[in-house]
>>> print(open('query-v6.txt').read())   # compact mmCIF, C-alpha atoms
# COMPACT_ATOMS: atom_id res chain seq x y z
CA MET I 106 13.25 -19.34 -29.26
CA ILE I 107 10.02 -21.30 -29.23
CA ARG I 108 8.53 -18.64 -26.98
CA ARG I 109 9.54 -15.91 -29.47
CA LEU I 110 7.87 -17.88 -32.24
CA PHE I 111 4.66 -18.24 -30.23
CA THR I 112 4.64 -14.50 -29.58
CA VAL I 113 5.08 -13.64 -33.25
CA VAL I 114 2.37 -16.13 -34.27
CA ALA I 115 -0.05 -14.73 -31.70
CA ILE I 116 0.60 -11.12 -32.72
CA VAL I 117 0.24 -11.92 -36.43
CA ALA I 118 -2.98 -13.87 -35.82
CA PHE I 119 -4.48 -11.03 -33.80
CA GLY I 120 -3.26 -8.59 -36.44
CA LEU I 121 -5.06 -10.56 -39.16
CA VAL I 122 -8.30 -10.62 -37.14
CA PHE I 123 -8.06 -6.89 -36.46
CA ALA I 124 -7.20 -6.14 -40.09
CA SER I 125 -10.30 -7.96 -41.29
CA LEU I 126 -12.34 -5.99 -38.72
CA ALA I 127 -10.87 -2.68 -39.86
CA ILE I 128 -11.36 -3.44 -43.56
CA ASP I 129 -14.99 -4.47 -43.18
CA TYR I 130 -15.79 -1.50 -40.94
CA SER I 131 -18.03 1.20 -42.34
CA GLU I 132 -19.30 4.23 -40.49
CA GLN I 133 -22.88 4.18 -39.27
CA GLN I 134 -25.13 6.44 -41.30
CA SER I 135 -27.76 6.84 -38.59
CA LEU I 136 -28.27 5.90 -34.97
CA PRO I 137 -29.34 2.36 -34.10
CA PRO I 138 -32.90 2.19 -32.68
CA LEU I 139 -31.87 1.84 -29.02
CA ALA I 140 -29.49 4.79 -29.20
CA GLU I 141 -32.08 6.85 -31.03
CA SER I 142 -34.66 6.28 -28.32
CA TYR I 143 -32.07 7.20 -25.65
CA VAL I 144 -31.18 10.43 -27.47
CA ARG I 145 -34.87 11.26 -27.80
CA LEU I 146 -35.98 10.20 -24.33
CA VAL I 147 -33.21 11.55 -22.06
CA PRO I 148 -33.87 15.26 -22.76
CA LEU I 149 -37.65 14.85 -22.85
CA ALA I 150 -38.37 12.38 -20.04
CA LEU I 151 -35.40 13.01 -17.73
CA GLY I 152 -34.72 16.68 -18.49
CA ALA I 153 -30.95 16.18 -18.80
CA PRO I 154 -29.18 17.86 -21.75
CA ASN I 155 -26.24 15.46 -21.51
CA VAL I 156 -27.56 12.16 -22.86
CA ILE I 157 -24.57 10.14 -21.59
CA THR I 158 -25.08 11.27 -17.99
CA GLY I 159 -28.77 10.49 -18.32
CA ILE I 160 -27.94 6.95 -19.39
CA LEU I 161 -25.28 6.50 -16.71
CA LEU I 162 -27.31 7.85 -13.80
CA THR I 163 -30.85 6.79 -14.65
CA TYR I 164 -31.40 4.22 -17.39
CA ARG I 165 -28.27 2.24 -16.52
CA ALA I 166 -27.74 3.54 -13.00
CA PHE I 167 -27.89 -0.01 -11.72
CA ASP I 168 -24.72 -0.72 -13.75
CA THR I 169 -23.16 2.39 -12.22
CA LEU I 170 -24.00 1.06 -8.77
CA GLY I 171 -22.24 -2.16 -9.74
CA GLU I 172 -19.18 -0.22 -10.91
CA VAL I 173 -19.07 1.59 -7.59
CA ALA I 174 -19.24 -1.77 -5.84
CA VAL I 175 -16.29 -2.96 -7.98
CA LEU I 176 -14.32 0.13 -6.96
CA PHE I 177 -15.09 -0.57 -3.32
CA MET I 178 -13.88 -4.16 -3.71
CA VAL I 179 -10.68 -2.89 -5.36
CA ALA I 180 -10.04 -0.49 -2.49
CA ALA I 181 -10.61 -3.35 -0.03
CA SER I 182 -8.38 -5.81 -1.92
CA VAL I 183 -5.55 -3.28 -2.34
CA GLY I 184 -5.76 -2.72 1.40
CA LEU I 185 -5.68 -6.47 1.99
CA VAL I 186 -2.72 -7.09 -0.34
CA LEU I 187 -0.65 -4.11 0.79
CA GLY I 188 -1.82 -4.11 4.39
CA ALA I 189 -0.55 -6.28 7.20
CA GLY I 190 2.82 -8.00 7.10
CA ARG I 191 4.34 -5.64 4.57
CA SER I 192 7.98 -4.98 5.31
CA PRO I 193 8.67 -1.27 5.81
CA ARG I 194 10.66 0.12 2.90
CA ASN I 195 13.02 2.80 4.09
CA VAL I 196 14.46 0.99 7.10
CA SER I 197 17.71 0.15 5.33
CA SER I 198 18.40 3.71 4.19
CA GLU I 199 20.60 5.74 6.51
CA THR I 200 17.98 8.42 7.22
CA ASP I 201 14.54 7.58 8.52
CA GLU I 202 13.16 10.93 7.39
CA PRO I 203 11.92 10.97 3.79
CA ARG I 204 13.66 13.63 1.73
CA PRO I 205 11.47 16.78 1.58
CA SER I 206 10.21 17.69 -1.88
CA SER I 207 11.72 20.64 -3.68
CA GLU I 208 10.51 24.24 -3.53
CA ILE I 209 9.10 24.05 -7.05
CA VAL I 210 6.97 20.99 -6.30
CA ARG I 211 5.64 22.48 -3.07
CA SER I 212 4.82 25.88 -4.60
CA GLY I 213 3.21 24.17 -7.57
CA ALA I 214 1.09 22.02 -5.29
CA GLU I 215 0.02 25.06 -3.23
CA ILE I 216 -1.24 26.78 -6.37
CA LEU I 217 -2.65 23.75 -8.15
CA VAL I 218 -4.46 21.80 -5.40
CA PRO I 219 -7.16 24.49 -4.79
CA LEU I 220 -7.64 24.88 -8.55
CA ILE I 221 -7.91 21.12 -8.99
CA SER I 222 -10.51 20.94 -6.22
CA ILE I 223 -12.61 23.72 -7.76
CA PHE I 224 -12.31 22.12 -11.20
CA ALA I 225 -13.44 18.79 -9.75
CA ALA I 226 -16.47 20.42 -8.13
CA TYR I 227 -17.30 22.13 -11.44
CA ILE I 228 -17.04 18.87 -13.38
CA ILE I 229 -19.23 17.02 -10.89
CA MET I 230 -21.91 19.72 -10.64
CA ASN I 231 -22.19 20.23 -14.40
CA GLY I 232 -22.39 16.55 -15.27
CA HIS I 233 -26.01 16.84 -16.42
CA LEU I 234 -25.36 19.97 -18.53
CA SER I 235 -22.03 19.38 -20.26
CA ALA I 236 -19.27 16.81 -20.48
CA GLY I 237 -18.48 15.57 -16.99
CA GLY I 238 -20.04 13.74 -14.08
CA GLY I 239 -19.29 11.88 -10.91
CA PHE I 240 -16.69 9.42 -12.19
CA GLN I 241 -14.62 12.07 -13.95
CA GLY I 242 -14.82 14.58 -11.11
CA GLY I 243 -13.94 11.91 -8.56
CA ALA I 244 -10.85 11.01 -10.56
CA VAL I 245 -9.85 14.70 -10.62
CA ILE I 246 -10.24 14.89 -6.81
CA ALA I 247 -7.97 11.86 -6.49
CA SER I 248 -5.38 13.52 -8.74
CA GLY I 249 -5.34 16.45 -6.30
CA VAL I 250 -4.77 14.04 -3.41
CA LEU I 251 -1.97 12.39 -5.39
CA LEU I 252 -0.32 15.79 -5.89
CA MET I 253 -0.53 16.39 -2.13
CA LEU I 254 1.03 12.98 -1.43
CA LEU I 255 3.89 13.76 -3.83
CA ALA I 256 4.54 17.29 -2.60
CA TYR I 257 4.23 16.56 1.13
CA PRO I 258 5.55 13.06 1.95
CA GLN I 259 4.37 13.46 5.56
CA TYR I 260 0.84 14.41 4.51
CA GLN I 261 -1.56 11.93 6.06
CA PRO I 262 -5.10 11.90 4.65
CA ASN I 263 -7.64 11.15 7.35
CA LEU I 264 -8.49 7.57 6.41
CA GLU I 265 -11.35 7.28 8.89
CA PHE I 266 -12.99 10.41 7.53
CA LEU I 267 -12.56 9.18 3.96
CA THR I 268 -14.04 5.76 4.78
CA ILE I 269 -17.03 7.22 6.64
CA THR I 270 -17.73 9.81 3.92
CA GLU I 271 -17.49 7.15 1.25
CA SER I 272 -19.84 4.78 3.08
CA ALA I 273 -22.32 7.60 3.71
CA ALA I 274 -22.27 8.61 0.02
CA GLY I 275 -22.83 5.00 -1.03
CA ALA I 276 -25.70 4.54 1.42
CA LEU I 277 -27.34 7.78 0.26
CA PHE I 278 -26.96 6.66 -3.37
CA VAL I 279 -28.84 3.45 -2.62
CA LEU I 280 -31.43 5.35 -0.55
CA ALA I 281 -32.03 7.72 -3.49
CA GLY I 282 -32.55 4.63 -5.62
CA ILE I 283 -35.07 3.17 -3.17
CA ALA I 284 -36.86 6.54 -3.05
CA GLY I 285 -37.22 6.17 -6.81
CA LEU I 286 -38.99 2.84 -6.22
CA ILE I 287 -41.48 4.47 -3.85
CA VAL I 288 -42.07 7.94 -5.34
CA ALA I 289 -41.26 7.52 -9.03
CA ASP I 290 -41.28 4.68 -11.57
CA GLY I 291 -38.41 2.46 -10.49
CA PHE I 292 -35.05 1.93 -8.80
CA LEU I 293 -32.76 4.98 -9.24
CA ASP I 294 -35.39 6.91 -11.22
CA ASN I 295 -34.29 10.56 -11.27
CA ARG I 296 -37.85 11.93 -11.11
CA ILE I 297 -38.00 11.86 -7.32
CA LEU I 298 -37.15 15.59 -7.51
CA PRO I 299 -38.87 18.10 -9.86
CA LEU I 300 -37.27 18.18 -13.31
CA GLY I 301 -37.04 21.98 -13.33
CA GLN I 302 -36.26 24.10 -16.34
CA PHE I 303 -34.38 22.29 -19.12
CA GLY I 304 -30.71 23.31 -19.13
CA ALA I 305 -30.80 25.12 -15.77
CA PHE I 306 -28.21 24.40 -13.06
CA PHE I 307 -30.76 22.82 -10.71
CA SER I 308 -32.64 20.62 -13.13
CA ALA I 309 -32.87 17.02 -14.33
CA GLY I 310 -34.38 15.77 -11.07
CA ALA I 311 -32.02 13.72 -8.93
CA ILE I 312 -29.20 13.50 -11.50
CA PRO I 313 -27.06 16.34 -9.97
CA LEU I 314 -27.56 14.80 -6.52
CA LEU I 315 -26.54 11.36 -7.73
CA SER I 316 -23.57 12.95 -9.54
CA VAL I 317 -22.37 14.59 -6.33
CA LEU I 318 -22.73 11.36 -4.34
CA LEU I 319 -20.92 9.41 -7.03
CA GLY I 320 -18.15 12.02 -7.23
CA ILE I 321 -17.62 11.99 -3.45
CA LYS I 322 -17.61 8.21 -3.36
CA VAL I 323 -15.20 7.75 -6.29
CA GLY I 324 -12.92 10.53 -5.03
CA CYS I 325 -12.72 9.04 -1.52
CA GLU I 326 -12.20 5.51 -2.81
CA LEU I 327 -9.40 6.49 -5.20
CA SER I 328 -7.77 8.57 -2.45
CA VAL I 329 -7.82 5.57 -0.12
CA ILE I 330 -6.26 3.42 -2.87
CA LEU I 331 -3.51 6.04 -3.44
CA GLU I 332 -2.82 6.27 0.29
CA LYS I 333 -2.39 2.48 0.49
CA PHE I 334 0.38 2.66 -2.12
CA ARG I 335 2.49 4.96 0.04
CA PRO I 336 5.71 3.11 0.94
CA MET V 1290 -13.45 8.31 -42.49
CA ILE V 1291 -12.41 9.89 -39.21
CA SER V 1292 -13.76 7.00 -37.20
CA SER V 1293 -11.80 4.51 -39.34
CA ILE V 1294 -8.57 6.29 -38.39
CA VAL V 1295 -9.55 6.17 -34.72
CA LEU V 1296 -10.54 2.51 -35.03
CA VAL V 1297 -7.22 1.54 -36.65
CA THR V 1298 -5.33 3.51 -33.97
CA GLY V 1299 -7.18 1.65 -31.24
CA LEU V 1300 -6.57 -1.75 -32.84
CA LEU V 1301 -2.85 -0.91 -33.21
CA LEU V 1302 -2.71 0.07 -29.55
CA ILE V 1303 -4.23 -3.29 -28.60
CA LEU V 1304 -1.59 -5.06 -30.71
CA ILE V 1305 1.24 -3.02 -29.18
CA GLY V 1306 -0.06 -3.79 -25.69
CA LEU V 1307 -0.32 -7.49 -26.50
CA TRP V 1308 3.20 -7.49 -27.89
CA GLY V 1309 4.53 -5.80 -24.76
CA LEU V 1310 2.61 -8.28 -22.63
CA LEU V 1311 4.12 -11.31 -24.37
CA THR V 1312 7.73 -10.20 -24.89
CA HIS V 1313 8.67 -8.34 -21.72
CA ARG V 1314 9.76 -10.16 -18.57
CA ASN V 1315 9.47 -7.21 -16.19
CA ILE V 1316 6.17 -7.19 -14.30
CA LEU V 1317 5.79 -3.40 -14.48
CA ARG V 1318 6.17 -3.51 -18.27
CA ILE V 1319 3.58 -6.27 -18.46
CA ILE V 1320 1.19 -4.05 -16.48
CA ILE V 1321 1.88 -1.19 -18.90
CA GLY V 1322 1.04 -3.59 -21.73
CA PHE V 1323 -2.28 -4.41 -20.05
CA SER V 1324 -3.07 -0.71 -19.70
CA LEU V 1325 -2.27 -0.09 -23.37
CA MET V 1326 -4.58 -2.93 -24.38
CA GLY V 1327 -7.34 -1.46 -22.22
CA THR V 1328 -6.89 2.00 -23.69
CA GLY V 1329 -6.97 0.56 -27.20
CA THR V 1330 -10.24 -1.23 -26.41
CA HIS V 1331 -11.75 2.03 -25.15
CA ILE V 1332 -10.72 3.85 -28.34
CA VAL V 1333 -12.18 1.06 -30.50
CA THR V 1334 -15.46 1.15 -28.56
CA VAL V 1335 -15.81 4.91 -28.95
CA ALA V 1336 -14.93 4.71 -32.66
CA ILE V 1337 -17.66 2.13 -33.29
CA GLY V 1338 -20.24 4.51 -31.81
CA TYR V 1339 -19.47 7.27 -34.29
CA VAL V 1340 -22.23 8.29 -36.69
CA ARG V 1341 -21.36 10.13 -39.89
CA ASN V 1342 -21.25 13.92 -39.30
CA GLY V 1343 -22.26 13.33 -35.70
CA THR V 1344 -21.44 15.44 -32.68
CA ALA V 1345 -21.42 14.86 -28.93
CA PRO V 1346 -24.91 13.89 -27.65
CA ILE V 1347 -25.27 16.98 -25.43
CA ILE V 1348 -28.24 19.23 -26.14
CA ASP V 1349 -27.07 22.86 -26.13
CA ARG V 1350 -26.65 25.73 -28.56
CA ALA V 1351 -24.60 23.57 -30.92
CA LEU V 1352 -27.15 20.73 -31.06
CA ASP V 1353 -30.84 21.51 -31.11
CA LEU V 1354 -33.34 19.13 -29.54
CA SER V 1355 -35.22 18.68 -32.83
CA GLU V 1356 -32.15 17.52 -34.79
CA ALA V 1357 -30.57 15.53 -31.96
CA THR V 1358 -31.56 12.11 -33.30
CA SER V 1359 -30.05 12.83 -36.71
CA ARG V 1360 -26.80 14.54 -35.68
CA ALA V 1361 -25.74 12.94 -32.37
CA VAL V 1362 -23.29 10.05 -32.09
CA ASP V 1363 -24.29 6.82 -30.34
CA PRO V 1364 -24.23 7.63 -26.59
CA ILE V 1365 -24.14 4.01 -25.37
CA PRO V 1366 -20.45 3.21 -26.20
CA SER V 1367 -19.43 6.51 -24.61
CA ALA V 1368 -21.38 5.68 -21.45
CA LEU V 1369 -19.78 2.25 -21.31
CA VAL V 1370 -16.27 3.66 -21.80
CA VAL V 1371 -16.72 6.24 -19.01
CA THR V 1372 -17.15 3.44 -16.51
CA ALA V 1373 -14.62 1.17 -18.22
CA ILE V 1374 -11.87 3.79 -17.78
CA VAL V 1375 -12.43 3.96 -14.03
CA ILE V 1376 -12.60 0.19 -13.70
CA GLY V 1377 -9.45 -0.17 -15.84
CA MET V 1378 -7.64 2.16 -13.48
CA ALA V 1379 -8.86 0.12 -10.51
CA VAL V 1380 -7.65 -3.12 -12.09
CA THR V 1381 -4.26 -1.49 -12.73
CA ALA V 1382 -4.15 -0.54 -9.04
CA VAL V 1383 -4.73 -4.17 -8.01
CA MET V 1384 -2.03 -5.38 -10.44
CA LEU V 1385 0.44 -2.83 -9.05
CA ALA V 1386 -0.39 -3.89 -5.50
CA PHE V 1387 0.40 -7.50 -6.39
CA ALA V 1388 3.62 -6.34 -8.10
CA ILE V 1389 4.69 -4.63 -4.88
CA ARG V 1390 4.02 -7.80 -2.87
CA LEU V 1391 5.89 -9.96 -5.41
CA TYR V 1392 8.85 -7.59 -5.21
CA ASP V 1393 8.76 -7.82 -1.43
CA THR V 1394 9.04 -11.62 -1.50
CA LYS V 1395 11.77 -12.08 -4.16
CA LYS V 1396 13.35 -8.59 -4.40
CA THR V 1397 13.02 -8.72 -8.17
CA LEU V 1398 10.34 -7.79 -10.69
CA SER V 1399 11.29 -10.33 -13.36
CA ILE V 1400 8.60 -12.97 -13.83
CA ASP V 1401 11.34 -15.53 -14.51
CA ALA V 1402 11.93 -15.54 -10.75
CA PHE V 1403 8.36 -16.65 -10.04
CA MET V 1404 8.35 -20.24 -11.22
CA ASP V 1405 7.11 -21.81 -7.96
CA SER V 1406 3.68 -22.81 -9.24
CA LYS V 1407 4.68 -23.50 -12.84
CA TRP V 1408 4.03 -27.10 -13.87
>>> encode(input="query-v6.txt", output="C-alpha cells")
Amino acid sequence: MIRRLFTVVAIVAFGLVFASLAIDYSEQQSLPPLAESYVRLVPLALGAPNVITGILLTYRAFDTLGEVAVLFMVAASVGLVLGAGRSPRNVSSETDEPRPSSEIVRSGAEILVPLISIFAAYIIMNGHLSAGGGFQGGAVIASGVLLMLLAYPQYQPNLEFLTITESAAGALFVLAGIAGLIVADGFLDNRILPLGQFGAFFSAGAIPLLSVLLGIKVGCELSVILEKFRP
Amino acid sequence: MISSIVLVTGLLLILIGLWGLLTHRNILRIIIGFSLMGTGTHIVTVAIGYVRNGTAPIIDRALDLSEATSRAVDPIPSALVVTAIVIGMAVTAVMLAFAIRLYDTKKTLSIDAFMDSKW
C-alpha cells in the first residue's frame, strides 16, 4: 500500500514537472548560433550535404568514437555475463534438436536477407548525401543477422571473423583520425581526401570512408551481441 | 504547434515508462519501461530542436544552400539522438543479459525473489 502511494506520488510529481515544461515551451523561431554555424559550415567546409552526418563524423567524431567504444564494452560485458558457467537451456526437453522453423519463415528469410543487406549498404554509402549513415546501416545489418538466427536455429555466424573485422574497422577508424592530425587540421578531420564535387557519390572527403568503417563495426558488434543471446 | 504535440507525446511516454518501471514486478516489464522512457527522451530531444517551418538539414533540391540557415531544423539534437538510440539499444542488451542470468539462478523473473542484498 505504501509502495503504491509512493509510486503515485512520484508519477504525479514528474507529471507536474513535465506539464510545466510543456506549458512554457515555445517553438524556436530561428536556429541558435551554434546550430546556425554548423548548418553553414558543414556544406561549405566539409562538402557534405547531410549536416547531421557532417557533425557526427567530423565535428563531433570524437564523441562517435566514444560511442563505438561503449558498444564494444557492451559486447564484451554481454559476453562476460552470458558466457561461461551458463546452464544449457534445452537439456531438460525431450529432444535435443531445436524445432526447425516453418516454411514461411525460411522462405521469407531467403527473400528478405539479401534485400536487407543491400538496403544496409545503400544506407551506409549514402550517409553523407541523404538520411542514413554508419550507425543506422549497422543496425540494419544486425537485423538481417537476427532474421537469419530466427529462421535457421543452427546458423552459426563466424564469431572469429566478426571479431577480427570489427577490430580492423575500429583500428582503421582511429588511423583515419590520426591521418587527419598529420595531413589536415585535426583528429578525424575529413579533409584527408579531396572534397570532390558537392552532392556527388564520392565526395565529402573521408566521410563515406568513415561511414563504411562505422557501419561495419556497428553491424559486427550488434551481430556478436545477438549471437551471445542464443540459448 | 507540431513540435508541441511531439514534445507532449514524448513526455507522456516518459511518464508511462516510469509508471511501468515502478508498478511492475516482472523484470522484463521493468526493462520495457526503461526502453519506453528512453524512447520518450529521444522524442523530447528531437522536438526541442524543431524550428518553425523547418525541414531536415540536408542540402538537396528541397533545401537550397542559400536558405539553409533560415529553413533547417537544429541538427545537434538529431545528431545526439542518432547515437543515443544505438546506445539505448546496447544498454537494453546488457539489462536483458542480466535478466537471463537472474532467471538462471532463481528460475523466476519476479524481482520479489531477489531480496538477498536488500537491507
>>> interface_residues(input="query-v6.txt", of="chain I", to="chain V", cutoff="6 Å", atoms="all atoms listed in the file", output="VMD selection string")
chain I and resid 133 to 134 140 to 141 154 to 157 183
>>> residues_around(input="query-v6.txt", residues="Phe307 in chain I", least_positions_apart="5", cutoff="12 Å", atoms="only C-alpha atoms", output="list in words")
Gly152, Ala153, Met230, Asn231, Gly232, His233, Leu234, Leu298, Pro299, Leu300, Gly301, Gln302, Ile312, Pro313 and Leu314 of chain I
>>> axis_aligned_box(input="query-v6.txt", around="range 315-330 of chain I", padding_each_side="3 Å", output="lines of an AutoDock Vina configuration file")
center_x = -16.4
center_y = 9.0
center_z = -4.8
size_x = 26.3
size_y = 17.2
size_z = 15.4
>>> decode(input="query-v6.txt", residues="range 318-330 of chain I", atoms="C-alpha atoms", output="PDB file, in the first residue's frame")
ATOM      1  CA  LEU I 318      34.029   1.663 -41.209  1.00  0.00           C
ATOM      2  CA  LEU I 319      31.445   2.682 -38.635  1.00  0.00           C
ATOM      3  CA  GLY I 320      28.737   0.620 -40.359  1.00  0.00           C
ATOM      4  CA  ILE I 321      30.941  -2.494 -40.463  1.00  0.00           C
ATOM      5  CA  LYS I 322      31.949  -2.043 -36.842  1.00  0.00           C
ATOM      6  CA  VAL I 323      28.414  -1.450 -35.523  1.00  0.00           C
ATOM      7  CA  GLY I 324      26.997  -4.285 -37.645  1.00  0.00           C
ATOM      8  CA  CYS I 325      29.617  -6.779 -36.420  1.00  0.00           C
ATOM      9  CA  GLU I 326      29.264  -5.697 -32.799  1.00  0.00           C
ATOM     10  CA  LEU I 327      25.466  -5.956 -32.790  1.00  0.00           C
ATOM     11  CA  SER I 328      25.681  -9.344 -34.537  1.00  0.00           C
ATOM     12  CA  VAL I 329      28.059 -10.603 -31.849  1.00  0.00           C
ATOM     13  CA  ILE I 330      25.649  -9.342 -29.154  1.00  0.00           C
TER      14      ILE I 330
END
